[in-house]
file run_37.cif (mmCIF, C-alpha atoms and all ligand atoms)
data_work
#
loop_
_atom_site.label_atom_id
_atom_site.label_comp_id
_atom_site.auth_asym_id
_atom_site.auth_seq_id
_atom_site.Cartn_x
_atom_site.Cartn_y
_atom_site.Cartn_z
CA MET A 1 50.39 67.67 -150.67
CA LYS A 2 48.96 65.15 -153.14
CA VAL A 3 46.03 62.97 -152.08
CA PHE A 4 45.31 59.87 -154.14
CA ILE A 5 41.68 58.73 -153.84
CA ASN A 6 41.11 55.41 -155.60
CA LYS A 7 37.34 55.85 -155.99
CA ASN A 8 34.95 58.76 -155.75
CA ILE A 9 33.55 59.60 -152.32
CA PRO A 10 30.68 61.88 -151.27
CA GLN A 11 31.27 65.49 -152.30
CA THR A 12 31.46 66.71 -148.70
CA GLY A 13 34.88 65.05 -148.32
CA ILE A 14 36.16 66.33 -151.65
CA THR A 15 35.05 69.87 -150.81
CA MET A 16 36.87 69.75 -147.47
CA LEU A 17 40.08 68.62 -149.16
CA ASN A 18 39.74 71.28 -151.87
CA GLU A 19 39.13 74.00 -149.31
CA ALA A 20 42.26 72.85 -147.47
CA GLY A 21 44.18 73.47 -150.70
CA LEU A 22 45.17 69.83 -151.22
CA GLU A 23 45.76 68.39 -154.66
CA ILE A 24 43.42 65.46 -155.38
CA ILE A 25 44.31 62.65 -157.74
CA LEU A 26 41.16 60.76 -158.64
CA PRO A 27 41.37 58.22 -161.49
CA GLU A 28 38.69 58.29 -164.17
CA GLU A 29 38.43 54.50 -164.28
CA GLU A 30 35.63 52.98 -162.18
CA SER A 31 37.94 50.32 -160.81
CA LEU A 32 41.69 49.83 -160.95
CA SER A 33 43.77 46.69 -161.37
CA TYR A 34 46.32 46.03 -158.62
CA GLU A 35 49.14 47.30 -160.88
CA GLU A 36 47.27 50.48 -161.79
CA TRP A 37 46.43 51.13 -158.13
CA LEU A 38 50.05 50.54 -157.10
CA ASN A 39 51.30 52.95 -159.77
CA TYR A 40 49.05 55.70 -158.46
CA CYS A 41 50.22 54.97 -154.90
CA LYS A 42 53.88 55.12 -155.94
CA ASN A 43 53.35 58.66 -157.19
CA THR A 44 51.64 60.12 -154.17
CA ASP A 45 52.41 60.79 -150.54
CA THR A 46 48.93 60.49 -149.03
CA ILE A 47 46.20 57.98 -149.78
CA LEU A 48 42.50 58.22 -149.06
CA SER A 49 41.75 54.55 -149.43
CA ILE A 50 38.39 53.08 -150.39
CA GLY A 51 37.68 49.36 -150.11
CA ALA A 52 39.72 46.44 -148.81
CA GLU A 53 40.46 44.85 -152.16
CA PHE A 54 44.18 45.63 -152.09
CA LYS A 55 46.34 45.02 -149.04
CA TYR A 56 48.69 47.47 -147.41
CA ASP A 57 51.29 44.83 -146.63
CA LYS A 58 55.08 44.68 -146.62
CA ASN A 59 55.18 44.43 -150.43
CA PHE A 60 53.08 47.54 -150.71
CA PHE A 61 55.19 49.60 -148.31
CA GLU A 62 58.41 48.48 -150.03
CA ALA A 63 56.97 49.35 -153.46
CA CYS A 64 55.72 52.77 -152.31
CA PRO A 65 58.43 54.28 -150.10
CA ASP A 66 57.08 57.81 -150.55
CA VAL A 67 53.70 57.12 -148.99
CA ARG A 68 53.54 59.03 -145.71
CA ALA A 69 49.94 58.61 -144.55
CA ILE A 70 46.89 56.44 -145.24
CA ALA A 71 43.36 57.56 -144.40
CA LEU A 72 40.97 54.64 -144.73
CA TYR A 73 37.39 55.16 -145.79
CA SER A 74 36.29 52.44 -143.34
CA VAL A 75 36.31 51.66 -139.66
CA GLY A 76 37.89 48.24 -140.30
CA PHE A 77 41.64 48.17 -140.89
CA ASP A 78 42.33 44.46 -141.24
CA HIS A 79 43.69 45.03 -144.76
CA VAL A 80 46.55 47.11 -143.35
CA ASP A 81 49.65 45.60 -141.79
CA ILE A 82 49.77 47.99 -138.87
CA LYS A 83 53.17 46.74 -137.68
CA GLU A 84 54.66 47.58 -141.08
CA ALA A 85 53.01 51.01 -141.02
CA ASN A 86 54.33 51.61 -137.49
CA SER A 87 57.84 50.62 -138.45
CA ARG A 88 57.74 53.34 -141.11
CA ASN A 89 55.96 55.92 -138.93
CA ILE A 90 52.98 55.97 -141.27
CA PRO A 91 49.75 57.03 -139.58
CA VAL A 92 46.65 55.05 -140.56
CA GLY A 93 43.31 56.78 -140.06
CA ASN A 94 39.84 55.22 -139.98
CA THR A 95 36.22 56.36 -139.70
CA PRO A 96 34.70 55.25 -136.39
CA ASP A 97 31.26 56.12 -134.91
CA VAL A 98 29.64 57.54 -138.03
CA LEU A 99 28.71 54.10 -139.36
CA SER A 100 27.84 52.38 -136.09
CA LYS A 101 24.10 52.98 -136.36
CA ALA A 102 23.92 52.02 -140.05
CA THR A 103 25.97 48.85 -139.65
CA SER A 104 24.07 47.71 -136.57
CA ASP A 105 20.81 48.41 -138.45
CA VAL A 106 21.90 45.78 -140.98
CA ALA A 107 22.69 43.27 -138.23
CA PHE A 108 19.28 44.02 -136.72
CA LEU A 109 17.44 43.60 -140.02
CA LEU A 110 19.29 40.35 -140.78
CA MET A 111 18.36 39.02 -137.35
CA GLN A 112 14.67 39.68 -138.00
CA SER A 113 14.88 38.56 -141.59
CA VAL A 114 16.29 35.17 -140.62
CA ALA A 115 13.94 34.79 -137.64
CA ARG A 116 10.91 35.38 -139.90
CA ARG A 117 12.31 33.33 -142.80
CA THR A 118 12.33 36.17 -145.31
CA SER A 119 14.47 34.41 -147.94
CA TYR A 120 12.20 31.37 -147.91
CA ASN A 121 9.01 33.42 -148.10
CA PHE A 122 10.27 35.85 -150.74
CA GLN A 123 11.29 32.92 -152.92
CA LYS A 124 7.78 31.47 -152.61
CA VAL A 125 6.28 34.71 -153.85
CA LYS A 126 8.76 34.90 -156.75
CA ASP A 127 7.96 31.29 -157.67
CA GLY A 128 4.21 32.03 -157.84
CA ASN A 129 3.82 29.76 -154.83
CA TRP A 130 2.18 32.15 -152.37
CA GLY A 131 -0.27 29.48 -151.21
CA ALA A 132 -3.33 29.68 -148.99
CA PHE A 133 -3.18 30.69 -145.33
CA ASP A 134 -1.79 27.73 -143.46
CA PRO A 135 -1.61 27.68 -139.65
CA LEU A 136 1.34 25.31 -139.75
CA HIS A 137 3.40 26.71 -142.60
CA ALA A 138 6.19 29.31 -142.93
CA LEU A 139 6.43 29.78 -139.21
CA GLY A 140 9.26 31.89 -137.95
CA GLN A 141 10.32 32.62 -134.42
CA GLU A 142 9.82 35.69 -132.24
CA LEU A 143 12.76 37.46 -130.68
CA TYR A 144 10.97 38.90 -127.62
CA GLY A 145 12.85 38.11 -124.43
CA LYS A 146 15.41 35.96 -126.21
CA THR A 147 19.15 36.14 -125.64
CA LEU A 148 21.40 38.09 -127.96
CA GLY A 149 25.09 37.23 -127.78
CA ILE A 150 27.45 39.90 -129.04
CA TYR A 151 30.96 38.89 -130.01
CA GLY A 152 32.94 42.14 -129.85
CA LEU A 153 31.07 44.82 -127.97
CA GLY A 154 32.49 48.07 -129.31
CA ARG A 155 30.53 50.89 -130.86
CA ILE A 156 28.64 48.82 -133.45
CA GLY A 157 27.96 45.96 -131.05
CA PHE A 158 26.64 48.45 -128.52
CA GLU A 159 24.17 49.89 -131.05
CA MET A 160 22.99 46.39 -132.00
CA ALA A 161 22.53 45.49 -128.32
CA LYS A 162 20.66 48.74 -127.65
CA LYS A 163 18.19 48.25 -130.50
CA SER A 164 17.60 44.61 -129.59
CA ARG A 165 17.07 45.46 -125.96
CA LYS A 166 14.63 48.26 -126.74
CA ALA A 167 12.68 46.55 -129.51
CA PHE A 168 12.55 42.98 -128.24
CA ASP A 169 13.57 43.24 -124.59
CA MET A 170 16.38 40.82 -125.39
CA ASN A 171 18.87 39.75 -122.74
CA ILE A 172 22.36 40.76 -123.76
CA LEU A 173 25.43 38.57 -123.31
CA TYR A 174 28.75 39.68 -124.64
CA HIS A 175 32.31 38.53 -125.05
CA ASN A 176 34.97 41.12 -125.62
CA ARG A 177 38.63 41.86 -124.95
CA HIS A 178 37.54 44.33 -122.26
CA ARG A 179 34.50 44.72 -120.07
CA ASN A 180 32.08 47.35 -121.38
CA ASP A 181 30.80 49.25 -118.33
CA GLU A 182 28.36 51.35 -120.32
CA ALA A 183 26.67 48.29 -121.82
CA GLU A 184 26.52 46.58 -118.45
CA ARG A 185 25.05 49.68 -116.81
CA GLU A 186 22.66 50.86 -119.54
CA LEU A 187 21.63 47.61 -121.17
CA GLY A 188 22.13 45.14 -118.36
CA ALA A 189 24.62 43.31 -120.58
CA THR A 190 26.45 40.38 -119.00
CA TYR A 191 30.07 39.58 -119.75
CA VAL A 192 30.58 35.85 -120.42
CA SER A 193 33.32 33.56 -121.69
CA PHE A 194 33.38 32.70 -125.39
CA GLU A 195 32.07 29.21 -124.60
CA GLU A 196 29.15 30.60 -122.57
CA LEU A 197 28.36 33.07 -125.32
CA VAL A 198 28.18 30.32 -127.92
CA ALA A 199 26.14 27.93 -125.77
CA ASN A 200 23.57 30.42 -124.45
CA SER A 201 22.79 32.78 -127.34
CA ASP A 202 19.56 32.56 -129.35
CA VAL A 203 21.15 35.05 -131.73
CA LEU A 204 24.91 35.34 -132.01
CA SER A 205 26.07 38.49 -133.75
CA ILE A 206 29.69 39.32 -134.60
CA HIS A 207 30.87 42.91 -134.19
CA ALA A 208 34.58 42.52 -133.42
CA ASN A 209 37.58 43.93 -135.25
CA TYR A 210 38.95 41.15 -137.39
CA THR A 211 42.50 39.92 -136.83
CA PRO A 212 44.24 36.92 -138.45
CA GLY A 213 44.20 35.13 -135.04
CA GLN A 214 40.40 34.94 -135.35
CA LYS A 215 40.42 33.38 -138.81
CA GLU A 216 37.44 31.00 -139.11
CA LEU A 217 36.88 31.16 -135.37
CA PHE A 218 33.26 30.25 -136.09
CA ASP A 219 33.69 26.72 -137.37
CA ARG A 220 32.01 23.34 -136.94
CA PHE A 221 33.20 23.05 -133.33
CA VAL A 222 31.49 26.34 -132.48
CA PHE A 223 28.34 25.74 -134.53
CA GLU A 224 27.79 22.36 -132.90
CA LYS A 225 27.79 24.01 -129.47
CA MET A 226 25.15 26.57 -130.45
CA LYS A 227 21.45 26.14 -129.65
CA SER A 228 19.44 24.36 -132.33
CA GLY A 229 17.19 27.41 -132.74
CA ALA A 230 20.12 29.83 -132.89
CA ILE A 231 20.64 32.49 -135.53
CA PHE A 232 24.17 33.39 -136.66
CA ILE A 233 24.72 36.98 -137.81
CA ASN A 234 27.92 38.41 -139.26
CA THR A 235 28.21 42.03 -140.34
CA ALA A 236 31.90 42.36 -139.36
CA ARG A 237 34.26 40.42 -141.64
CA GLY A 238 33.76 37.22 -143.63
CA GLY A 239 37.06 35.83 -142.34
CA PHE A 240 35.38 35.05 -139.02
CA GLN A 241 33.35 32.17 -140.47
CA ASN A 242 34.20 28.84 -142.00
CA GLU A 243 31.54 28.83 -144.72
CA LYS A 244 31.71 25.10 -145.42
CA ASP A 245 31.09 24.39 -141.72
CA LEU A 246 28.36 27.00 -141.62
CA TYR A 247 26.67 25.34 -144.59
CA ASP A 248 26.81 21.94 -142.87
CA ALA A 249 25.40 23.40 -139.65
CA LEU A 250 22.52 24.99 -141.56
CA VAL A 251 21.69 21.96 -143.69
CA SER A 252 21.74 19.61 -140.73
CA LYS A 253 19.57 22.09 -138.78
CA GLN A 254 22.31 22.32 -136.18
CA ILE A 255 21.33 25.99 -136.12
CA TRP A 256 18.21 27.81 -137.34
CA GLY A 257 19.67 30.20 -139.88
CA ALA A 258 22.30 32.75 -140.80
CA GLY A 259 22.36 36.37 -141.90
CA LEU A 260 25.56 37.55 -143.54
CA ASP A 261 26.55 40.99 -144.74
CA VAL A 262 30.12 39.80 -145.15
CA THR A 263 31.51 36.69 -146.80
CA ASN A 264 34.81 35.06 -147.55
CA PRO A 265 35.77 35.92 -150.24
CA GLU A 266 33.94 39.06 -151.28
CA PRO A 267 32.12 39.23 -153.55
CA MET A 268 30.62 35.86 -152.61
CA LEU A 269 31.05 33.40 -155.45
CA GLN A 270 27.77 32.75 -157.23
CA ASP A 271 28.13 29.00 -156.85
CA ASN A 272 28.56 29.24 -153.07
CA PRO A 273 26.16 26.55 -151.75
CA LEU A 274 25.04 28.88 -148.95
CA LEU A 275 23.06 30.75 -151.59
CA GLU A 276 20.91 27.68 -152.18
CA LEU A 277 19.68 27.58 -148.60
CA SER A 278 16.34 29.13 -147.67
CA ASN A 279 17.45 29.76 -144.07
CA VAL A 280 20.22 32.11 -145.18
CA CYS A 281 20.06 35.79 -146.05
CA VAL A 282 23.14 37.29 -147.69
CA LEU A 283 23.72 40.99 -148.39
CA PRO A 284 26.62 42.46 -150.37
CA HIS A 285 28.50 44.20 -147.52
CA ILE A 286 26.13 47.17 -147.23
CA GLY A 287 26.55 47.85 -143.49
CA SER A 288 27.64 51.45 -143.94
CA ALA A 289 25.67 52.06 -147.14
CA THR A 290 23.47 54.96 -146.06
CA MET A 291 23.84 58.55 -147.21
CA GLU A 292 24.33 59.65 -143.61
CA ALA A 293 27.07 57.13 -142.81
CA ARG A 294 28.91 57.55 -146.10
CA ASN A 295 28.89 61.35 -145.75
CA GLY A 296 30.18 60.97 -142.21
CA MET A 297 32.93 58.64 -143.42
CA ALA A 298 33.93 61.17 -146.09
CA ARG A 299 34.17 63.88 -143.44
CA ARG A 300 36.20 61.70 -141.06
CA ALA A 301 38.62 60.64 -143.81
CA ALA A 302 39.05 64.24 -144.97
CA GLU A 303 39.60 65.42 -141.38
CA ASN A 304 42.35 62.82 -141.01
CA ILE A 305 44.09 63.92 -144.21
CA ILE A 306 43.79 67.61 -143.41
CA ALA A 307 45.19 67.12 -139.90
CA PHE A 308 48.12 65.19 -141.36
CA SER A 309 48.74 67.95 -143.93
CA LYS A 310 49.13 70.38 -141.01
CA ASP A 311 51.57 68.09 -139.21
CA GLU A 312 48.91 67.32 -136.62
CA LYS A 313 47.88 63.92 -135.32
CA MET A 314 44.99 62.40 -137.25
CA PRO A 315 41.88 62.71 -135.06
CA TYR A 316 40.83 59.12 -135.86
CA CYS A 317 44.06 57.19 -135.95
CA VAL A 318 44.44 53.43 -135.38
CA ASN A 319 48.18 53.42 -134.74
CA PRO A 320 50.34 55.56 -132.45
C1 LIG A 401 34.05 49.26 -142.55
O1 LIG A 401 33.97 50.49 -142.40
O2 LIG A 401 34.98 48.60 -142.08
C2 LIG A 401 32.97 48.61 -143.33
O3 LIG A 401 33.08 47.24 -143.33
C3 LIG A 401 32.96 49.14 -144.73
O4 LIG A 401 34.09 48.67 -145.37
#

call {"tool": "encode", "arguments": {"input": "run_37.cif", "output": "structure tokens", "more": "lines below"}}
Ligand code: DGY
result
Amino acid sequence: MKVFINKNIPQTGITMLNEAGLEIILPEEESLSYEEWLNYCKNTDTILSIGAEFKYDKNFFEACPDVRAIALYSVGFDHVDIKEANSRNIPVGNTPDVLSKATSDVAFLLMQSVARRTSYNFQKVKDGNWGAFDPLHALGQELYGKTLGIYGLGRIGFEMAKKSRKAFDMNILYHNRHRNDEAERELGATYVSFEELVANSDVLSIHANYTPGQKELFDRFVFEKMKSGAIFINTARGGFQNEKDLYDALVSKQIWGAGLDVTNPEPMLQDNPLLELSNVCVLPHIGSATMEARNGMARRAAENIIAFSKDEKMPYCVNP
């Protein structure tokens, strides 16, 4: 069985595939154009897929009728048309759990970074404008005892809630498709409606799976209902936020600040006005960028491919 991998992954995954006797096709180019990527896909039956740059949509499946399985090197699968995959009996694997701690760490650091005005203060240092100690200047806010609202309380949201509870004794509100008994029991989390979440959170952090129905859910109508001292954090998918509305909410001090590890589009355009704001911290989608998480993802993806090669169900499969 041939496995096309569009970009190199940690050796642990490659070794597992080699030991399973699978043939690996790994292009020498650092990055592929859409046409080049499609050509590789047309000539393989299994894909270990890195990144969300190219979509697995109807066009893809029609162009690549020989593809029989896709193992994503991500937990998110919003770049795959699952209905199309289902209609062709193509299993789609992902990499849950192994990146939950790392991704929630980034949400947690963005929350603190925005609360303590890191972008503003770092810029002052870079500008040679450190200044004398001033009791009234550069004041941030403390998170102790404040309310964290989690939109989408799955594995990553749970880890974010746990850290925030332990470190800052934050109250946890959440809105989710289903109640999360573990979070309610262990963290005292309270399930609320979307409207209550928005209105009562001092920090609102997105951890949901992205679907087209949630496109720009966080827009001016939501931002204007948030508290004036609220912090908006997104480490899930950039599609959740209307960036123009977010900019307006930040400039007008409708909300305190925003921490984004994901933007729309990615990479964020350099002339995006959000980058001019000192109450914004933007990171280049590094949620899972630790050695531990990326090794874990390589193992999960390889396990999925190997199971498929033995006619077994992928252990981490997002479709039936
Ligand atoms: C994921 O796993 O979905 C992360 O966003 C990395 O792409």

call {"tool": "residues_near_ligand", "arguments": {"input": "run_37.cif", "ligand": "ligand LIG 401 (chain A)", "cutoff": "10 Å", "atoms": "all atoms listed in the file", "output": "PyMOL selection string"}}
result
chain A and resi 50-52+72-79+94-100+103+209-210+235-237+261-262+285-289+293-294+297

call {"tool": "atom_distance", "arguments": {"input": "run_37.cif", "atom1": "atom CA of Asn242 of chain A", "atom2": "atom CA of Lys163 of chain A"}}
result
27.7 Å

call {"tool": "atom_distance", "arguments": {"input": "run_37.cif", "atom1": "atom CA of Ala298 of chain A", "atom2": "atom CA of Gly13 of chain A"}}
result
4.6 Å

call {"tool": "atom_distance", "arguments": {"input": "run_37.cif", "atom1": "atom CA of Phe194 of chain A", "atom2": "atom CA of Leu277 of chain A"}}
result
27.4 Å

call {"tool": "residues_around", "arguments": {"input": "run_37.cif", "residues": "segment 306-319 of chain A", "least_positions_apart": "2", "cutoff": "8 Å", "atoms": "only C-alpha atoms", "output": "list in words"}}
result
Met1, Leu17, Ala20, Ala69, Ile82, Asn86, Pro91, Val92, Gly93, Asn94, Thr95, Pro96, Arg300, Ala302, Glu303 and Asn304 of chain A

call {"tool": "write_last_selection", "arguments": {"input": "run_37.cif", "atoms": "C-alpha atoms", "output": "compact mmCIF listing (two decimals), in the frame of the given file"}}
result
# COMPACT_ATOMS: atom_id res chain seq x y z
CA MET A 1 50.39 67.67 -150.67
CA LEU A 17 40.08 68.62 -149.16
CA ALA A 20 42.26 72.85 -147.47
CA ALA A 69 49.94 58.61 -144.55
CA ILE A 82 49.77 47.99 -138.87
CA ASN A 86 54.33 51.61 -137.49
CA PRO A 91 49.75 57.03 -139.58
CA VAL A 92 46.65 55.05 -140.56
CA GLY A 93 43.31 56.78 -140.06
CA ASN A 94 39.84 55.22 -139.98
CA THR A 95 36.22 56.36 -139.70
CA PRO A 96 34.70 55.25 -136.39
CA ARG A 300 36.20 61.70 -141.06
CA ALA A 302 39.05 64.24 -144.97
CA GLU A 303 39.60 65.42 -141.38
CA ASN A 304 42.35 62.82 -141.01

call {"tool": "closest_residue", "arguments": {"input": "run_37.cif", "among": "A:Ile231, A:Ile14, A:Ala63, A:Val106", "to": "Gly140 of chain A", "atoms": "only C-alpha atoms"}}
result
A:Ile231

call {"tool": "decode", "arguments": {"input": "run_37.cif", "residues": "segment 115-150 of chain A", "atoms": "C-alpha atoms", "output": "PDB file, in the first residue's frame"}}
result
ATOM      1  CA  ALA A 115      -4.727  40.367  30.463  1.00  0.00           C
ATOM      2  CA  ARG A 116      -1.228  41.718  31.234  1.00  0.00           C
ATOM      3  CA  ARG A 117      -0.943  43.676  27.978  1.00  0.00           C
ATOM      4  CA  THR A 118       2.128  41.869  26.693  1.00  0.00           C
ATOM      5  CA  SER A 119       1.951  43.193  23.120  1.00  0.00           C
ATOM      6  CA  TYR A 120       1.734  46.771  24.346  1.00  0.00           C
ATOM      7  CA  ASN A 121       4.567  46.378  26.843  1.00  0.00           C
ATOM      8  CA  PHE A 122       6.859  44.435  24.508  1.00  0.00           C
ATOM      9  CA  GLN A 123       6.436  47.134  21.876  1.00  0.00           C
ATOM     10  CA  LYS A 124       7.448  49.781  24.429  1.00  0.00           C
ATOM     11  CA  VAL A 125      10.651  47.909  25.159  1.00  0.00           C
ATOM     12  CA  LYS A 126      11.402  47.477  21.438  1.00  0.00           C
ATOM     13  CA  ASP A 127      10.775  51.194  20.876  1.00  0.00           C
ATOM     14  CA  GLY A 128      13.282  52.159  23.606  1.00  0.00           C
ATOM     15  CA  ASN A 129      10.336  53.506  25.574  1.00  0.00           C
ATOM     16  CA  TRP A 130      10.646  51.460  28.762  1.00  0.00           C
ATOM     17  CA  GLY A 131       9.918  54.493  30.930  1.00  0.00           C
ATOM     18  CA  ALA A 132      10.129  55.013  34.679  1.00  0.00           C
ATOM     19  CA  PHE A 133       7.989  53.102  37.171  1.00  0.00           C
ATOM     20  CA  ASP A 134       4.543  54.608  36.980  1.00  0.00           C
ATOM     21  CA  PRO A 135       1.777  53.566  39.391  1.00  0.00           C
ATOM     22  CA  LEU A 136      -0.878  54.425  36.831  1.00  0.00           C
ATOM     23  CA  HIS A 137       0.638  53.102  33.630  1.00  0.00           C
ATOM     24  CA  ALA A 138       0.581  49.764  31.755  1.00  0.00           C
ATOM     25  CA  LEU A 139      -1.909  48.269  34.143  1.00  0.00           C
ATOM     26  CA  GLY A 140      -3.331  44.919  33.233  1.00  0.00           C
ATOM     27  CA  GLN A 141      -6.009  42.913  34.933  1.00  0.00           C
ATOM     28  CA  GLU A 142      -5.808  39.872  37.204  1.00  0.00           C
ATOM     29  CA  LEU A 143      -7.654  36.697  36.371  1.00  0.00           C
ATOM     30  CA  TYR A 144      -8.120  35.391  39.932  1.00  0.00           C
ATOM     31  CA  GLY A 145     -11.731  34.441  40.589  1.00  0.00           C
ATOM     32  CA  LYS A 146     -12.908  35.718  37.219  1.00  0.00           C
ATOM     33  CA  THR A 147     -15.246  33.844  34.906  1.00  0.00           C
ATOM     34  CA  LEU A 148     -13.944  31.820  31.999  1.00  0.00           C
ATOM     35  CA  GLY A 149     -16.485  30.985  29.306  1.00  0.00           C
ATOM     36  CA  ILE A 150     -15.629  28.013  27.131  1.00  0.00           C
TER      37      ILE A 150
END
